[in-house]
Amino acid sequence: MMTAADFDLPVLELAPLLIGATLLVDEVGGVIVETEAYHHEDPASHSRSGPTARNASMFAGPGVAYVYRSYGIHWCLNLVGPRGTGVLIRALRPTAGVDQMIQRRGLADPRRLCSGPGRVGQALGITRSHDGLPLDGRPFQVDAPATLPEVVAGPRIGISKAVDQPWRFGLKGSPFLSKPFR
DNA sequence: AAGCGGATGTCCT
DNA sequence: GGACATCCGCTTA
């Protein structure tokens, strides 16, 4: 079980370290296979201009959830590190509560269940109500990987600033990535 | 296989 | 008003 102190790491260390960790929300979830790091001096980060009503949770860490609405439609989940930093959960390998995830997503293809940040939010039932909640208690459970997996890095997806920074991390060769790494 | 347009909350200019 | 850490379905090849 990861607790607040485990999230008190520079976000460029935390984001790859979370690859292979298990993330459950009310017993539903799986193994994290894709993350992205964001921080306060990062032009692509929601925290770039300091705290606002939306991003307050990014400044409430380490060890809380930051949930935001993407494009007015999707709920996306970050695990917050030190002040102003966060790790966007972009994809999981589904392992627990698969039936529930299938129901929420309205499709059964395991490769498309949790491969994308909006999909993860929908599959895990994430809403605004999770924003700011600590990660070391209900409904969350985060467990570090038993053995450190092989992690690959590359440019982040779906952003227009700082596009060349290799701050996207993935489990090498996983079929559950939102996009392959080059 | 790839490219578009639609849905539409929150922030910033 | 415009951009955005997105996804889906419909269109064209």
# chains A, B, ... in the order shown; residues from 1 in each chain; ligands from 1
call {"tool": "closest_atom_pairs", "arguments": {"of": "chain A", "to": "chain C", "cutoff": "10 Å", "atoms": "only C-alpha atoms (C1' of nucleotides)", "output": "tab-separated table"}}
result
residue	atom	partner	partner_atom	distance
A:Glu36	CA	C:DA5	C1'	8.6
A:Ala37	CA	C:DA5	C1'	9.8
A:Tyr38	CA	C:DA5	C1'	8.8
A:Ala44	CA	C:DA5	C1'	7.5
A:Ser45	CA	C:DA5	C1'	7.4
A:His46	CA	C:DA5	C1'	8.1
A:Tyr68	CA	C:DA5	C1'	9.4
A:Arg69	CA	C:DT6	C1'	9.7
A:Ser70	CA	C:DT6	C1'	6.3
A:Tyr71	CA	C:DT6	C1'	6.3
A:Gly72	CA	C:DT6	C1'	9.1
A:Ile73	CA	C:DT6	C1'	7.7
A:His74	CA	C:DT6	C1'	6.7
A:Trp75	CA	C:DT6	C1'	9.4
A:Cys76	CA	C:DA5	C1'	8.5
A:Asn78	CA	C:DA5	C1'	10.0
A:Leu88	CA	C:DA5	C1'	7.6
A:Arg90	CA	C:DA5	C1'	9.5
A:Gly116	CA	C:DT6	C1'	8.2
A:Pro117	CA	C:DT6	C1'	7.7
A:Gly118	CA	C:DT6	C1'	6.1
A:Arg119	CA	C:DC7	C1'	7.9
A:Arg156	CA	C:DA5	C1'	8.6
A:Ile157	CA	C:DA5	C1'	7.6
A:Gly158	CA	C:DA5	C1'	6.5
A:Ile159	CA	C:DA5	C1'	6.4
A:Ser160	CA	C:DC4	C1'	9.2
call {"tool": "write_last_selection", "arguments": {"atoms": "N, CA and C atoms", "output": "mmCIF file, in the first residue's frame"}}
result
data_model
loop_
_atom_site.group_PDB
_atom_site.id
_atom_site.type_symbol
_atom_site.label_atom_id
_atom_site.label_comp_id
_atom_site.auth_asym_id
_atom_site.auth_seq_id
_atom_site.Cartn_x
_atom_site.Cartn_y
_atom_site.Cartn_z
ATOM 1 N N GLU A 36 1.881 10.211 -17.409
ATOM 2 C CA GLU A 36 2.584 11.400 -17.867
ATOM 3 C C GLU A 36 2.843 12.292 -16.664
ATOM 4 N N ALA A 37 4.020 12.961 -16.678
ATOM 5 C CA ALA A 37 4.395 13.877 -15.600
ATOM 6 C C ALA A 37 4.079 15.314 -15.991
ATOM 7 N N TYR A 38 3.546 16.069 -15.014
ATOM 8 C CA TYR A 38 3.293 17.506 -15.187
ATOM 9 C C TYR A 38 3.789 18.235 -13.943
ATOM 10 N N ALA A 44 2.697 23.040 -20.329
ATOM 11 C CA ALA A 44 1.549 22.184 -20.662
ATOM 12 C C ALA A 44 0.756 21.768 -19.422
ATOM 13 N N SER A 45 1.193 22.206 -18.246
ATOM 14 C CA SER A 45 0.560 21.740 -17.008
ATOM 15 C C SER A 45 -0.551 22.676 -16.540
ATOM 16 N N HIS A 46 -1.573 22.099 -15.976
ATOM 17 C CA HIS A 46 -2.642 22.914 -15.378
ATOM 18 C C HIS A 46 -2.123 23.753 -14.214
ATOM 19 N N TYR A 68 -9.794 16.297 -13.103
ATOM 20 C CA TYR A 68 -10.249 17.434 -13.907
ATOM 21 C C TYR A 68 -11.131 16.939 -15.045
ATOM 22 N N ARG A 69 -11.956 17.866 -15.542
ATOM 23 C CA ARG A 69 -12.835 17.562 -16.656
ATOM 24 C C ARG A 69 -12.109 17.919 -17.946
ATOM 25 N N SER A 70 -12.016 16.984 -18.857
ATOM 26 C CA SER A 70 -11.299 17.199 -20.103
ATOM 27 C C SER A 70 -12.281 17.432 -21.248
ATOM 28 N N TYR A 71 -12.088 18.494 -21.961
ATOM 29 C CA TYR A 71 -12.916 18.845 -23.109
ATOM 30 C C TYR A 71 -14.400 18.835 -22.756
ATOM 31 N N GLY A 72 -14.703 19.152 -21.502
ATOM 32 C CA GLY A 72 -16.096 19.232 -21.100
ATOM 33 C C GLY A 72 -16.802 17.902 -20.981
ATOM 34 N N ILE A 73 -16.087 16.803 -21.216
ATOM 35 C CA ILE A 73 -16.730 15.501 -21.346
ATOM 36 C C ILE A 73 -16.179 14.475 -20.364
ATOM 37 N N HIS A 74 -14.865 14.335 -20.355
ATOM 38 C CA HIS A 74 -14.243 13.218 -19.642
ATOM 39 C C HIS A 74 -13.667 13.644 -18.301
ATOM 40 N N TRP A 75 -13.667 12.708 -17.355
ATOM 41 C CA TRP A 75 -12.983 12.911 -16.086
ATOM 42 C C TRP A 75 -11.635 12.216 -16.139
ATOM 43 N N CYS A 76 -10.574 12.951 -15.815
ATOM 44 C CA CYS A 76 -9.231 12.373 -15.850
ATOM 45 C C CYS A 76 -8.601 12.451 -14.468
ATOM 46 N N ASN A 78 -5.277 12.265 -11.854
ATOM 47 C CA ASN A 78 -3.838 12.406 -11.586
ATOM 48 C C ASN A 78 -3.554 11.987 -10.165
ATOM 49 N N LEU A 88 -0.499 12.076 -14.530
ATOM 50 C CA LEU A 88 -1.729 11.706 -15.221
ATOM 51 C C LEU A 88 -1.729 10.207 -15.485
ATOM 52 N N ARG A 90 -2.810 7.439 -17.659
ATOM 53 C CA ARG A 90 -3.284 7.380 -19.040
ATOM 54 C C ARG A 90 -3.781 6.011 -19.463
ATOM 55 N N GLY A 116 -6.420 5.120 -22.277
ATOM 56 C CA GLY A 116 -6.649 6.533 -22.535
ATOM 57 C C GLY A 116 -7.146 7.154 -21.243
ATOM 58 N N PRO A 117 -6.752 8.386 -20.960
ATOM 59 C CA PRO A 117 -7.093 8.976 -19.662
ATOM 60 C C PRO A 117 -8.596 9.126 -19.428
ATOM 61 N N GLY A 118 -9.348 9.489 -20.453
ATOM 62 C CA GLY A 118 -10.791 9.601 -20.307
ATOM 63 C C GLY A 118 -11.431 8.238 -20.088
ATOM 64 N N ARG A 119 -10.883 7.237 -20.739
ATOM 65 C CA ARG A 119 -11.396 5.877 -20.589
ATOM 66 C C ARG A 119 -11.132 5.356 -19.188
ATOM 67 N N ARG A 156 4.826 13.461 -24.603
ATOM 68 C CA ARG A 156 3.443 13.379 -24.125
ATOM 69 C C ARG A 156 2.458 13.536 -25.288
ATOM 70 N N ILE A 157 1.214 13.153 -25.018
ATOM 71 C CA ILE A 157 0.190 13.070 -26.064
ATOM 72 C C ILE A 157 -0.869 14.148 -25.830
ATOM 73 N N GLY A 158 -1.351 14.727 -26.936
ATOM 74 C CA GLY A 158 -2.516 15.589 -26.848
ATOM 75 C C GLY A 158 -2.254 16.972 -26.289
ATOM 76 N N ILE A 159 -0.990 17.405 -26.307
ATOM 77 C CA ILE A 159 -0.636 18.735 -25.832
ATOM 78 C C ILE A 159 -0.022 19.524 -26.981
ATOM 79 N N SER A 160 0.065 20.854 -26.824
ATOM 80 C CA SER A 160 0.649 21.674 -27.891
ATOM 81 C C SER A 160 1.876 22.434 -27.411
#
call {"tool": "residues_around", "arguments": {"residues": "Gly106 (chain A)", "least_positions_apart": "5", "cutoff": "12 Å", "atoms": "only C-alpha atoms (C1' of nucleotides)", "output": "PyMOL selection string"}}
result
chain A and resi 98-101+112-113+119+122-123
call {"tool": "write_last_selection", "arguments": {"atoms": "N, CA, C and O atoms", "output": "PDB file, in the first residue's frame"}}
result
ATOM      1  N   VAL A  98     -13.643  -6.176 -13.533  1.00  0.00           N
ATOM      2  CA  VAL A  98     -13.739  -6.031 -14.988  1.00  0.00           C
ATOM      3  C   VAL A  98     -15.202  -5.927 -15.444  1.00  0.00           C
ATOM      4  O   VAL A  98     -15.528  -5.144 -16.344  1.00  0.00           O
ATOM      5  N   ASP A  99     -16.080  -6.703 -14.818  1.00  0.00           N
ATOM      6  CA  ASP A  99     -17.500  -6.636 -15.199  1.00  0.00           C
ATOM      7  C   ASP A  99     -18.048  -5.226 -15.016  1.00  0.00           C
ATOM      8  O   ASP A  99     -18.770  -4.701 -15.865  1.00  0.00           O
ATOM      9  N   GLN A 100     -17.697  -4.632 -13.873  1.00  0.00           N
ATOM     10  CA  GLN A 100     -18.130  -3.264 -13.586  1.00  0.00           C
ATOM     11  C   GLN A 100     -17.602  -2.284 -14.640  1.00  0.00           C
ATOM     12  O   GLN A 100     -18.314  -1.402 -15.115  1.00  0.00           O
ATOM     13  N   MET A 101     -16.341  -2.465 -15.022  1.00  0.00           N
ATOM     14  CA  MET A 101     -15.747  -1.572 -16.023  1.00  0.00           C
ATOM     15  C   MET A 101     -16.429  -1.740 -17.372  1.00  0.00           C
ATOM     16  O   MET A 101     -16.680  -0.767 -18.083  1.00  0.00           O
ATOM     17  N   ARG A 112      -9.496  -1.737 -24.990  1.00  0.00           N
ATOM     18  CA  ARG A 112     -10.058  -0.386 -25.090  1.00  0.00           C
ATOM     19  C   ARG A 112     -10.753   0.043 -23.810  1.00  0.00           C
ATOM     20  O   ARG A 112     -11.316   1.114 -23.717  1.00  0.00           O
ATOM     21  N   LEU A 113     -10.698  -0.805 -22.807  1.00  0.00           N
ATOM     22  CA  LEU A 113     -11.413  -0.541 -21.560  1.00  0.00           C
ATOM     23  C   LEU A 113     -10.793   0.625 -20.800  1.00  0.00           C
ATOM     24  O   LEU A 113     -11.502   1.495 -20.288  1.00  0.00           O
ATOM     25  N   ARG A 119     -10.883   7.237 -20.739  1.00  0.00           N
ATOM     26  CA  ARG A 119     -11.396   5.877 -20.589  1.00  0.00           C
ATOM     27  C   ARG A 119     -11.132   5.356 -19.188  1.00  0.00           C
ATOM     28  O   ARG A 119     -11.995   4.698 -18.589  1.00  0.00           O
ATOM     29  N   GLN A 122     -13.707   6.897 -16.891  1.00  0.00           N
ATOM     30  CA  GLN A 122     -15.034   6.297 -17.025  1.00  0.00           C
ATOM     31  C   GLN A 122     -15.062   4.895 -16.434  1.00  0.00           C
ATOM     32  O   GLN A 122     -15.992   4.540 -15.702  1.00  0.00           O
ATOM     33  N   ALA A 123     -14.036   4.095 -16.722  1.00  0.00           N
ATOM     34  CA  ALA A 123     -14.013   2.705 -16.253  1.00  0.00           C
ATOM     35  C   ALA A 123     -13.959   2.617 -14.729  1.00  0.00           C
ATOM     36  O   ALA A 123     -14.538   1.717 -14.119  1.00  0.00           O
TER      37      ALA A 123
END
call {"tool": "interface_residues", "arguments": {"of": "chain B", "to": "chain A", "cutoff": "10 Å", "atoms": "only C-alpha atoms (C1' of nucleotides)", "output": "list of chain:residue names"}}
result
B:DA7, B:DT8, B:DG9, B:DT10, B:DC11
call {"tool": "write_last_selection", "arguments": {"atoms": "C-alpha atoms (C1' of nucleotides)", "output": "compact mmCIF listing (two decimals), in the first residue's frame"}}
result
# COMPACT_ATOMS: atom_id res chain seq x y z
C1' DA B 7 -20.13 17.00 -27.27
C1' DT B 8 -19.24 20.94 -23.92
C1' DG B 9 -16.53 22.46 -18.51
C1' DT B 10 -13.08 25.56 -17.08
C1' DC B 11 -9.44 28.69 -17.69
call {"tool": "select_by_dssp", "arguments": {"residues": "region 119-169 of chain A", "states": "alpha helix (DSSP H)", "output": "list in words"}}
result
Arg119, Val120, Gly121, Gln122, Ala123 and Leu124 of chain A
call {"tool": "atom_distance", "arguments": {"atom1": "CA of Pro51 (chain A)", "atom2": "C1' of DC12 (chain B)"}}
result
13.6 Å
call {"tool": "residues_around", "arguments": {"residues": "Ser115 (chain A)", "least_positions_apart": "2", "cutoff": "6 Å", "atoms": "only C-alpha atoms (C1' of nucleotides)", "output": "number ranges by chain"}}
result
A: 91, 112, 176-178
call {"tool": "atom_distance", "arguments": {"atom1": "CA of Phe140 (chain A)", "atom2": "CA of Asp26 (chain A)"}}
result
6.5 Å
call {"tool": "select_by_dssp", "arguments": {"residues": "chain A", "states": "strand (DSSP E or B)", "output": "number ranges by chain"}}
result
A: 22-25, 28-38, 64-70, 74-80, 86-96, 115, 134, 140-143, 151-154, 168-171
